[in-house]
>>> print(open('protein_14.cif').read())   # mmCIF, C-alpha atoms and all ligand atoms
data_my_file
#
loop_
_atom_site.label_atom_id
_atom_site.label_comp_id
_atom_site.auth_asym_id
_atom_site.auth_seq_id
_atom_site.Cartn_x
_atom_site.Cartn_y
_atom_site.Cartn_z
CA MET V 1 30.84 -9.33 -1.59
CA ASN V 2 29.31 -5.96 -2.40
CA LYS V 3 28.70 -3.67 0.49
CA GLN V 4 25.15 -2.70 1.33
CA SER V 5 24.10 0.88 0.61
CA ILE V 6 23.97 2.95 3.80
CA TYR V 7 20.88 4.68 2.39
CA GLY V 8 18.98 1.44 2.88
CA LEU V 9 18.89 1.96 6.66
CA THR V 10 16.07 3.89 8.26
CA PHE V 11 17.12 6.17 11.10
CA GLU V 12 15.95 3.59 13.64
CA GLN V 13 17.90 0.81 11.89
CA LEU V 14 21.05 2.95 11.76
CA THR V 15 20.70 3.77 15.46
CA ALA V 16 20.27 0.10 16.37
CA TRP V 17 23.27 -0.87 14.20
CA LEU V 18 25.52 1.71 15.85
CA ILE V 19 24.47 0.68 19.35
CA GLU V 20 25.03 -2.96 18.47
CA HIS V 21 28.54 -2.04 17.33
CA GLY V 22 29.40 -0.22 20.56
CA HIS V 23 28.63 3.36 19.59
CA LYS V 24 26.47 5.95 21.29
CA LYS V 25 22.89 6.41 20.14
CA SER V 26 23.58 10.11 19.47
CA ARG V 27 26.07 9.26 16.70
CA ALA V 28 23.18 8.23 14.46
CA SER V 29 21.97 11.85 14.26
CA HIS V 30 25.43 13.02 13.23
CA VAL V 31 25.82 10.39 10.55
CA TRP V 32 22.30 11.04 9.32
CA GLU V 33 22.99 14.76 9.01
CA TRP V 34 26.16 14.15 7.02
CA LEU V 35 24.30 11.84 4.67
CA TYR V 36 21.11 13.78 4.05
CA ARG V 37 21.77 17.42 4.96
CA LYS V 38 25.45 17.90 4.10
CA ARG V 39 25.24 15.10 1.57
CA VAL V 40 28.80 13.79 1.61
CA THR V 41 29.72 10.96 -0.73
CA ASP V 42 32.60 9.59 1.37
CA PHE V 43 32.53 8.46 5.01
CA SER V 44 35.90 10.12 5.65
CA ASP V 45 34.27 13.51 4.95
CA MET V 46 32.11 13.17 8.06
CA ILE V 47 34.63 15.26 9.93
CA ASP V 48 32.99 15.58 13.32
CA VAL V 49 32.01 11.91 13.47
CA ASN V 50 34.39 9.84 15.57
CA LYS V 51 37.00 8.34 13.23
CA GLU V 52 36.57 4.83 14.53
CA CYS V 53 32.85 5.09 13.81
CA SER V 54 33.19 6.43 10.24
CA GLN V 55 35.79 3.77 9.53
CA LEU V 56 33.51 1.03 10.83
CA LEU V 57 30.69 2.34 8.66
CA SER V 58 32.93 2.38 5.57
CA GLU V 59 33.91 -1.22 6.25
CA HIS V 60 30.28 -2.35 6.25
CA PHE V 61 28.45 0.06 3.97
CA ALA V 62 28.85 2.00 0.74
CA ILE V 63 27.54 5.50 0.03
CA GLN V 64 27.66 5.09 -3.72
CA THR V 65 26.58 1.81 -5.28
CA LEU V 66 25.05 3.37 -8.42
CA THR V 67 27.10 4.92 -11.21
CA GLU V 68 25.78 7.28 -13.85
CA HIS V 69 25.77 5.51 -17.21
CA THR V 70 23.95 8.01 -19.45
CA LYS V 71 22.04 11.23 -18.99
CA GLN V 72 19.57 12.83 -21.43
CA GLN V 73 18.43 16.39 -20.92
CA SER V 74 15.27 17.76 -22.46
CA ALA V 75 14.66 21.36 -23.54
CA ASP V 76 12.02 21.63 -20.76
CA GLY V 77 14.64 20.79 -18.09
CA THR V 78 13.63 17.14 -17.63
CA ILE V 79 16.66 14.92 -17.11
CA LYS V 80 16.56 11.18 -17.64
CA PHE V 81 19.35 9.35 -15.82
CA LEU V 82 20.39 5.82 -16.64
CA PHE V 83 22.17 4.36 -13.61
CA LYS V 84 24.25 1.22 -13.52
CA LEU V 85 23.76 -0.96 -10.44
CA TYR V 86 26.60 -2.85 -8.77
CA ASP V 87 25.67 -5.98 -10.76
CA GLY V 88 25.70 -4.20 -14.14
CA ASN V 89 21.91 -3.85 -14.46
CA LEU V 90 20.61 -0.54 -15.77
CA ILE V 91 17.74 1.46 -14.29
CA GLU V 92 16.05 4.77 -15.15
CA THR V 93 15.40 7.73 -12.88
CA VAL V 94 13.82 10.98 -14.07
CA LEU V 95 14.05 14.53 -12.72
CA MET V 96 11.14 16.76 -13.73
CA ARG V 97 10.80 20.50 -13.23
CA HIS V 98 7.31 21.67 -12.39
CA LYS V 99 5.96 25.05 -11.33
CA PHE V 100 5.37 23.56 -7.88
CA GLY V 101 8.85 22.07 -7.44
CA LEU V 102 11.32 19.41 -8.50
CA SER V 103 10.10 15.89 -8.71
CA VAL V 104 11.99 12.62 -9.08
CA CYS V 105 10.48 9.49 -10.57
CA VAL V 106 12.16 6.38 -9.13
CA THR V 107 12.43 2.79 -10.27
CA THR V 108 11.77 -0.05 -7.83
CA GLN V 109 12.64 -3.21 -9.79
CA VAL V 110 15.00 -4.32 -12.55
CA GLY V 111 12.35 -5.06 -15.20
CA CYS V 112 8.72 -5.81 -14.39
CA ASN V 113 6.51 -8.88 -14.35
CA ILE V 114 3.15 -7.16 -14.63
CA GLY V 115 3.36 -7.10 -18.42
CA CYS V 116 1.12 -4.16 -19.34
CA SER V 117 0.73 -4.44 -23.09
CA PHE V 118 1.63 -0.80 -23.83
CA CYS V 119 4.75 -0.56 -21.66
CA ALA V 120 8.37 -0.50 -22.85
CA SER V 121 9.60 -1.47 -19.36
CA GLY V 122 7.41 -4.53 -19.10
CA LEU V 123 9.09 -6.09 -22.14
CA LEU V 124 12.03 -6.92 -19.92
CA LYS V 125 10.94 -9.31 -17.20
CA LYS V 126 11.88 -8.61 -13.62
CA SER V 127 15.34 -9.90 -12.83
CA ARG V 128 15.38 -8.61 -9.25
CA ASP V 129 13.96 -6.14 -6.75
CA LEU V 130 15.92 -3.03 -5.93
CA SER V 131 17.03 -2.75 -2.32
CA SER V 132 15.64 0.19 -0.34
CA GLY V 133 19.15 1.68 -0.47
CA GLU V 134 19.17 1.55 -4.27
CA ILE V 135 15.83 3.34 -4.39
CA VAL V 136 16.93 6.06 -1.95
CA GLU V 137 20.22 6.40 -3.79
CA GLN V 138 18.40 7.38 -6.99
CA VAL V 139 16.94 10.38 -5.15
CA MET V 140 20.31 11.17 -3.56
CA ASN V 141 22.13 11.00 -6.90
CA VAL V 142 19.66 13.44 -8.42
CA GLN V 143 20.06 15.68 -5.36
CA HIS V 144 23.86 15.50 -5.69
CA HIS V 145 23.45 16.53 -9.33
CA LEU V 146 21.39 19.56 -8.20
CA ASP V 147 23.92 20.35 -5.46
CA GLN V 148 26.71 20.43 -8.04
CA ALA V 149 24.72 22.89 -10.16
CA GLY V 150 24.98 25.16 -7.11
CA GLU V 151 21.58 26.83 -7.35
CA GLY V 152 20.27 25.57 -4.06
CA ASP V 153 17.60 23.40 -5.70
CA LEU V 154 16.10 20.63 -3.60
CA VAL V 155 14.07 17.63 -4.64
CA SER V 156 10.59 18.43 -3.31
CA HIS V 157 8.41 15.65 -4.71
CA ILE V 158 8.80 11.94 -5.42
CA VAL V 159 6.72 9.74 -7.67
CA VAL V 160 7.22 6.00 -7.44
CA MET V 161 6.20 5.40 -11.04
CA GLY V 162 9.38 4.24 -12.74
CA ILE V 163 10.14 0.71 -13.86
CA GLY V 164 8.61 -2.03 -11.73
CA GLU V 165 5.58 -2.65 -9.54
CA PRO V 166 6.40 -1.01 -6.19
CA PHE V 167 3.91 -3.19 -4.27
CA ASP V 168 5.77 -6.27 -5.54
CA ASN V 169 8.76 -4.96 -3.56
CA PHE V 170 6.75 -3.88 -0.56
CA THR V 171 9.17 -4.05 2.38
CA ASN V 172 11.88 -2.15 0.53
CA LEU V 173 9.31 0.39 -0.65
CA VAL V 174 8.20 1.05 2.94
CA ASP V 175 11.80 1.46 4.17
CA PHE V 176 12.48 3.82 1.26
CA LEU V 177 9.44 5.94 2.14
CA ASN V 178 10.44 6.10 5.80
CA VAL V 179 13.96 7.26 4.87
CA VAL V 180 12.92 10.04 2.48
CA LYS V 181 10.17 11.28 4.82
CA ASP V 182 12.43 11.39 7.87
CA GLN V 183 12.30 14.91 9.29
CA LYS V 184 15.98 14.91 10.28
CA GLY V 185 17.03 14.09 6.72
CA LEU V 186 15.49 14.84 3.34
CA ALA V 187 12.21 15.62 5.10
CA LEU V 188 10.03 15.14 2.03
CA ALA V 189 6.40 15.91 2.90
CA ALA V 190 4.29 12.74 2.72
CA ARG V 191 1.69 14.62 0.67
CA HIS V 192 4.44 15.28 -1.93
CA ILE V 193 5.07 11.58 -2.45
CA THR V 194 2.95 9.39 -4.72
CA VAL V 195 3.16 5.63 -5.09
CA SER V 196 1.63 4.14 -8.20
CA THR V 197 0.47 0.53 -8.40
CA SER V 198 -0.93 -1.55 -11.23
CA GLY V 199 -3.55 -2.66 -8.72
CA LEU V 200 -2.22 -5.39 -6.43
CA ALA V 201 -5.33 -5.45 -4.25
CA ASP V 202 -3.85 -7.34 -1.28
CA LYS V 203 -1.04 -4.84 -1.05
CA ILE V 204 -3.47 -1.91 -1.17
CA TYR V 205 -4.91 -3.22 2.13
CA GLU V 206 -1.41 -3.56 3.58
CA PHE V 207 -0.40 -0.12 2.33
CA THR V 208 -3.54 1.39 3.91
CA ASP V 209 -2.84 -0.28 7.25
CA ALA V 210 0.80 0.88 7.19
CA ASP V 211 -0.57 4.45 7.49
CA LEU V 212 2.29 6.04 5.55
CA ARG V 213 0.16 9.06 4.56
CA VAL V 214 1.66 9.27 1.09
CA ASN V 215 -0.55 9.51 -2.00
CA LEU V 216 -1.75 6.47 -3.87
CA ALA V 217 -2.31 6.19 -7.63
CA VAL V 218 -3.81 3.11 -9.25
CA SER V 219 -3.35 2.31 -12.95
CA LEU V 220 -6.85 1.53 -14.14
CA HIS V 221 -6.58 2.23 -17.89
CA ALA V 222 -9.95 0.64 -18.74
CA PRO V 223 -13.50 0.76 -17.34
CA ASN V 224 -14.37 -2.94 -17.74
CA ASP V 225 -12.70 -6.32 -17.26
CA GLU V 226 -12.72 -7.37 -20.91
CA LEU V 227 -10.80 -4.29 -22.02
CA ARG V 228 -8.58 -4.08 -18.94
CA THR V 229 -7.48 -7.69 -19.30
CA ARG V 230 -6.54 -6.94 -22.90
CA ILE V 231 -4.42 -3.96 -21.84
CA MET V 232 -3.15 -5.28 -18.50
CA LYS V 233 -2.98 -9.02 -18.05
CA ILE V 234 -2.83 -8.58 -14.25
CA ASN V 235 -6.58 -7.94 -14.48
CA LYS V 236 -7.16 -11.65 -15.03
CA ALA V 237 -5.87 -12.41 -11.54
CA ILE V 238 -7.20 -9.22 -9.95
CA PRO V 239 -10.39 -8.13 -11.72
CA ILE V 240 -11.87 -4.66 -11.35
CA GLU V 241 -14.40 -5.63 -8.65
CA LYS V 242 -11.66 -6.95 -6.37
CA LEU V 243 -9.55 -3.87 -7.07
CA MET V 244 -12.43 -1.47 -6.33
CA LYS V 245 -13.07 -3.22 -2.99
CA ALA V 246 -9.45 -2.60 -2.00
CA ILE V 247 -9.75 1.01 -3.18
CA ASP V 248 -12.89 1.43 -1.06
CA TYR V 249 -11.01 0.13 1.98
CA TYR V 250 -8.26 2.71 1.31
CA LEU V 251 -10.77 5.55 0.87
CA GLU V 252 -12.78 4.66 3.97
CA ARG V 253 -9.77 4.22 6.23
CA THR V 254 -7.68 7.16 5.09
CA ASN V 255 -10.22 9.63 3.71
CA ARG V 256 -7.45 10.62 1.29
CA ARG V 257 -7.93 11.28 -2.38
CA ILE V 258 -6.81 8.60 -4.79
CA THR V 259 -5.72 8.99 -8.41
CA LEU V 260 -6.91 6.61 -11.08
CA GLU V 261 -4.39 6.65 -13.93
CA TYR V 262 -5.90 6.21 -17.37
CA ILE V 263 -3.61 5.95 -20.37
CA LEU V 264 -5.45 6.95 -23.54
CA LEU V 265 -4.90 4.53 -26.44
CA LYS V 266 -6.35 5.57 -29.78
CA ASP V 267 -9.59 3.71 -30.62
CA VAL V 268 -8.98 1.23 -27.80
CA ASN V 269 -10.19 2.89 -24.58
CA ASP V 270 -10.62 6.54 -25.55
CA GLN V 271 -14.21 6.72 -26.80
CA ARG V 272 -17.18 8.49 -25.23
CA GLU V 273 -18.75 5.21 -24.09
CA HIS V 274 -15.55 4.39 -22.19
CA ALA V 275 -15.70 7.72 -20.38
CA ILE V 276 -19.35 7.11 -19.42
CA GLU V 277 -18.54 3.59 -18.23
CA LEU V 278 -15.61 4.93 -16.23
CA SER V 279 -17.76 7.51 -14.49
CA GLU V 280 -20.33 4.79 -13.65
CA LEU V 281 -17.58 2.60 -12.26
CA ILE V 282 -16.37 5.42 -10.03
CA GLY V 283 -19.97 5.93 -8.88
CA GLU V 284 -21.47 8.65 -6.74
CA HIS V 285 -20.06 7.41 -3.45
CA ARG V 286 -16.42 7.58 -4.55
CA ARG V 287 -16.61 10.73 -6.66
CA SER V 288 -15.42 13.20 -4.02
CA LEU V 289 -12.24 11.25 -3.31
CA VAL V 290 -11.24 10.14 -6.82
CA ASN V 291 -9.31 12.03 -9.46
CA VAL V 292 -8.87 10.56 -12.92
CA ASN V 293 -5.53 11.40 -14.49
CA LEU V 294 -5.60 11.06 -18.27
CA ILE V 295 -2.23 10.17 -19.79
CA PRO V 296 -1.66 10.71 -23.49
CA TYR V 297 0.18 7.62 -24.73
CA ASN V 298 3.80 7.93 -25.86
CA PRO V 299 4.16 5.50 -28.78
CA VAL V 300 7.07 3.05 -28.60
CA ASP V 301 8.40 0.97 -31.52
CA GLU V 302 7.81 -2.27 -29.62
CA HIS V 303 4.05 -1.73 -29.35
CA SER V 304 3.01 -0.60 -32.82
CA GLN V 305 -0.56 -1.80 -32.16
CA TYR V 306 -1.13 1.33 -30.07
CA GLN V 307 -1.29 4.88 -31.30
CA ARG V 308 -1.64 8.19 -29.60
CA THR V 309 -5.10 9.62 -29.08
CA ASP V 310 -5.49 12.96 -30.87
CA ARG V 311 -6.04 16.14 -28.88
CA ALA V 312 -9.71 16.55 -29.81
CA THR V 313 -10.49 13.05 -28.53
CA VAL V 314 -8.55 13.70 -25.31
CA SER V 315 -10.61 16.88 -24.80
CA ALA V 316 -13.87 15.08 -25.54
CA PHE V 317 -13.01 12.32 -23.04
CA TYR V 318 -12.09 14.94 -20.45
CA ASP V 319 -15.32 16.89 -21.05
CA THR V 320 -17.48 13.78 -20.79
CA LEU V 321 -15.98 12.89 -17.42
CA LYS V 322 -16.33 16.50 -16.21
CA LYS V 323 -19.99 16.58 -17.23
CA GLN V 324 -20.54 13.42 -15.21
CA GLY V 325 -19.09 15.24 -12.18
CA VAL V 326 -15.80 13.33 -12.13
CA SER V 327 -12.66 15.20 -11.10
CA VAL V 328 -10.22 14.82 -13.99
CA SER V 329 -6.81 16.11 -15.09
CA VAL V 330 -4.53 15.53 -18.07
CA ARG V 331 -0.94 14.65 -17.26
CA LEU V 332 1.50 17.30 -18.41
CA GLU V 333 4.18 15.81 -20.55
CA HIS V 334 7.84 16.11 -19.79
CA GLY V 335 10.86 15.40 -21.90
CA THR V 336 9.01 14.78 -25.15
CA ASP V 337 12.21 15.50 -27.12
CA ILE V 338 14.09 12.70 -25.31
CA ASP V 339 13.09 9.03 -24.84
CA ALA V 340 9.95 10.06 -23.00
CA ALA V 341 8.18 6.76 -22.39
CA CYS V 342 9.05 4.97 -19.18
CA GLY V 343 11.75 2.38 -19.83
CA GLN V 344 12.47 3.59 -23.37
CA LEU V 345 16.00 4.84 -22.69
CA ARG V 346 16.84 1.69 -20.75
CA SER V 347 15.51 -0.71 -23.39
CA LYS V 348 17.29 1.23 -26.17
CA GLN V 349 20.56 1.05 -24.28
CA ILE V 350 20.18 -2.67 -23.56
CA LYS V 351 19.44 -3.35 -27.25
CA ALA V 352 22.45 -1.28 -28.35
CA GLU V 353 24.72 -3.16 -25.95
CA ALA V 354 23.34 -6.52 -27.14
CA GLN V 355 23.99 -5.51 -30.77
CA ARG V 356 27.54 -4.44 -29.97
CA SER V 357 28.33 -7.68 -28.18
CA GLY V 358 26.44 -9.83 -30.75
S1 LIG K 1 3.34 0.00 -16.71
FE1 LIG K 1 4.38 -0.30 -14.74
S2 LIG K 1 3.41 -2.14 -13.91
FE2 LIG K 1 2.92 -2.13 -16.10
S3 LIG K 1 4.55 -3.35 -17.07
FE3 LIG K 1 5.19 -1.19 -17.11
S4 LIG K 1 6.46 -0.93 -15.28
FE4 LIG K 1 5.24 -2.80 -15.00
#
>>> encode(input="protein_14.cif", output="structure tokens", more="lines below")
Ligand code: SF4
Amino acid sequence: MNKQSIYGLTFEQLTAWLIEHGHKKSRASHVWEWLYRKRVTDFSDMIDVNKECSQLLSEHFAIQTLTEHTKQQSADGTIKFLFKLYDGNLIETVLMRHKFGLSVCVTTQVGCNIGCSFCASGLLKKSRDLSSGEIVEQVMNVQHHLDQAGEGDLVSHIVVMGIGEPFDNFTNLVDFLNVVKDQKGLALAARHITVSTSGLADKIYEFTDADLRVNLAVSLHAPNDELRTRIMKINKAIPIEKLMKAIDYYLERTNRRITLEYILLKDVNDQREHAIELSELIGEHRRSLVNVNLIPYNPVDEHSQYQRTDRATVSAFYDTLKKQGVSVSVRLEHGTDIDAACGQLRSKQIKAEAQRSG
């Protein structure tokens, strides 16, 4: 049987496990420091941790369950990692360099069942959820990569926007967030972490009540049900009205800003009337707490029905929203010279392997 990743334990879970196995509570802090501050990749390197304890840990847990399969580096410093999981599945993780810091985009599931019609990842149905340890390990592997470069760089931001619907893997998502936020370890600021959902309304309520204080982004992509259902079939089950009610609950309870993601698809949802409808949907009462993030579409071979919106139309959409008093931004693109769309590198690799074996 494969050993569980040690990164899957929150500090409280590690403490409880050590106590249950006859060790002092204080050992948890030592182990935690070796994992997240000194960042060893072997239990035997935890030199001031009692040998019996490090041995016991190595018998039950693994530090490395992911292996690097492929890495693509862009001219702008973006690195796309393809990791192989213990069961042979491949996942993508991306490191992006911004002016404000280094951000990692993590994957939460192998494949995705939401089936957004523009998405390369959604073509491959979900085969399983990632464990919390596998999600944390993506961040740790990127951090180990930075450590090896020796420039003292630290991951400062996390976006949970890779392959999968994070709210469809809720418990593991919450454990992951608690590990990376832990002040004794990576100590990522909650305001530097963003979780993006396709709009699972029930989970938005649960997420709000969990009071994790991380940012929330919701993929809206269309201002009305007819269009949204065409682009995202999840809208059939969770129409916009139900989604907006959940968003209102989040806004009222947290008083935090929310991002509405809006992917611009040429001649589909990028016209002036769509911008006006979007601003009406947001309405006066939500305006101060909502930011619309416009995302220029990265065309993928598998979805030839969609093209990229030209710059002038992006600007016009942006201006229309601004004039209506809506806070709006355009997502900066990273890694445009590599397989930039989410899931593109993974699906290419899977196809290549299928061709080789077929
Ligand atoms: S965009 Fe996200 S939620 Fe939609 S199919 Fe792709 S991975 Fe799933």
>>> residues_around(input="protein_14.cif", residues="V:Glu137", least_positions_apart="2", cutoff="9 Å", atoms="all atoms listed in the file", output="VMD selection string")
chain V and resid 5 7 to 8 63 to 66 132 to 135 139 to 142
>>> closest_atom_pairs(input="protein_14.cif", of="stretch 8-113 of chain V", to="stretch 194-208 of chain V", cutoff="12 Å", atoms="only C-alpha atoms", output="tab-separated table")
residue	atom	partner	partner_atom	distance
V:Ser103	CA	V:Thr194	CA	10.5
V:Val104	CA	V:Thr194	CA	10.5
V:Cys105	CA	V:Thr194	CA	9.5
V:Val106	CA	V:Val195	CA	9.9
V:Thr107	CA	V:Val195	CA	11.0
V:Thr108	CA	V:Val195	CA	10.7
V:Cys112	CA	V:Ser198	CA	11.0
V:Asn113	CA	V:Ser198	CA	10.9
>>> write_last_selection(input="protein_14.cif", atoms="C-alpha atoms", output="mmCIF file, in the coordinates of the input")
data_model
loop_
_atom_site.group_PDB
_atom_site.id
_atom_site.type_symbol
_atom_site.label_atom_id
_atom_site.label_comp_id
_atom_site.auth_asym_id
_atom_site.auth_seq_id
_atom_site.Cartn_x
_atom_site.Cartn_y
_atom_site.Cartn_z
ATOM 1 C CA SER V 103 10.100 15.890 -8.710
ATOM 2 C CA VAL V 104 11.990 12.620 -9.080
ATOM 3 C CA CYS V 105 10.480 9.490 -10.570
ATOM 4 C CA VAL V 106 12.160 6.380 -9.130
ATOM 5 C CA THR V 107 12.430 2.790 -10.270
ATOM 6 C CA THR V 108 11.770 -0.050 -7.830
ATOM 7 C CA CYS V 112 8.720 -5.810 -14.390
ATOM 8 C CA ASN V 113 6.510 -8.880 -14.350
#
>>> residues_around(input="protein_14.cif", residues="V:Arg287", least_positions_apart="2", cutoff="12 Å", atoms="only C-alpha atoms", output="list in words")
Asp248, Leu251, Arg257, Ile258, Thr259, Leu260, Leu278, Ser279, Glu280, Leu281, Ile282, Gly283, Glu284, His285, Leu289, Val290, Asn291, Val292, Leu321, Lys322, Gln324, Gly325, Val326, Ser327 and Val328 of chain V
>>> residues_around(input="protein_14.cif", residues="V:Trp17", least_positions_apart="2", cutoff="12 Å", atoms="all atoms listed in the file", output="ChimeraX atom specification")
/V:6,9-15,19-25,27-28,53,56-57,60-61
>>> residues_near_ligand(input="protein_14.cif", ligand="ligand LIG 1 (chain K)", cutoff="6 Å", atoms="all atoms listed in the file", output="MDAnalysis selection string")
chainID V and resid 112 114:116 119 121:122 163:165 198
>>> atom_distance(input="protein_14.cif", atom1="atom CA of V:Ser117", atom2="atom CA of V:Val330")
21.3 Å
>>> closest_residue(input="protein_14.cif", among="V:Val174, V:Leu85, V:Ala62, V:Leu243", to="V:Arg128", atoms="all atoms listed in the file")
V:Leu85
>>> closest_residue(input="protein_14.cif", among="V:Ser127, V:Gln183, V:Thr67, V:Gln72", to="V:Lys84", atoms="only C-alpha atoms")
V:Thr67
>>> closest_residue(input="protein_14.cif", among="V:Ala316, V:Leu264, V:Val180, V:Leu90", to="V:His221", atoms="all atoms listed in the file")
V:Leu264
>>> closest_residue(input="protein_14.cif", among="V:Asn169, V:Phe317, V:Ala222, V:Ile158", to="V:Ala187", atoms="all atoms listed in the file")
V:Ile158
>>> atom_distance(input="protein_14.cif", atom1="atom CA of V:Val31", atom2="atom CA of V:Met46")
7.3 Å
>>> closest_residue(input="protein_14.cif", among="V:Leu35, V:Pro296, V:His30, V:Lys181", to="V:Asp48", atoms="all atoms listed in the file")
V:His30
>>> residues_near_point(input="protein_14.cif", point="(-4.4, 7.9, -22.6)", cutoff="12 Å", atoms="only C-alpha atoms", output="ChimeraX atom specification")
/V:118,219-222,231,260-271,274-275,292-299,306-311,313-315,317-318,329-333
>>> closest_residue(input="protein_14.cif", among="V:Ala120, V:Val110, V:Val136, V:Ala312", to="V:Gly88", atoms="all atoms listed in the file")
V:Val110
>>> atom_distance(input="protein_14.cif", atom1="atom CA of V:His145", atom2="atom CA of V:Asp42")
15.7 Å
>>> residues_near_point(input="protein_14.cif", point="(-11.5, -9.2, -19.1)", cutoff="12 Å", atoms="only C-alpha atoms", output="VMD selection string")
chain V and resid 222 to 241
>>> write_last_selection(input="protein_14.cif", atoms="C-alpha atoms", output="short mmCIF file (atom, residue, chain, number, x, y, z; two decimals), keeping the file's coordinate frame")
data_model
loop_
_atom_site.label_atom_id
_atom_site.label_comp_id
_atom_site.auth_asym_id
_atom_site.auth_seq_id
_atom_site.Cartn_x
_atom_site.Cartn_y
_atom_site.Cartn_z
CA ALA V 222 -9.95 0.64 -18.74
CA PRO V 223 -13.50 0.76 -17.34
CA ASN V 224 -14.37 -2.94 -17.74
CA ASP V 225 -12.70 -6.32 -17.26
CA GLU V 226 -12.72 -7.37 -20.91
CA LEU V 227 -10.80 -4.29 -22.02
CA ARG V 228 -8.58 -4.08 -18.94
CA THR V 229 -7.48 -7.69 -19.30
CA ARG V 230 -6.54 -6.94 -22.90
CA ILE V 231 -4.42 -3.96 -21.84
CA MET V 232 -3.15 -5.28 -18.50
CA LYS V 233 -2.98 -9.02 -18.05
CA ILE V 234 -2.83 -8.58 -14.25
CA ASN V 235 -6.58 -7.94 -14.48
CA LYS V 236 -7.16 -11.65 -15.03
CA ALA V 237 -5.87 -12.41 -11.54
CA ILE V 238 -7.20 -9.22 -9.95
CA PRO V 239 -10.39 -8.13 -11.72
CA ILE V 240 -11.87 -4.66 -11.35
CA GLU V 241 -14.40 -5.63 -8.65
#
>>> axis_aligned_box(input="protein_14.cif", around="stretch 316-321 of chain V", padding_each_side="8 Å", output="JSON")
{"center_x": -14.8, "center_y": 14.6, "center_z": -21.5, "size_x": 21.4, "size_y": 20.6, "size_z": 24.1}
>>> residues_around(input="protein_14.cif", residues="V:His192", least_positions_apart="6", cutoff="8 Å", atoms="all atoms listed in the file", output="PyMOL selection string")
chain V and resi 156-158+214-215
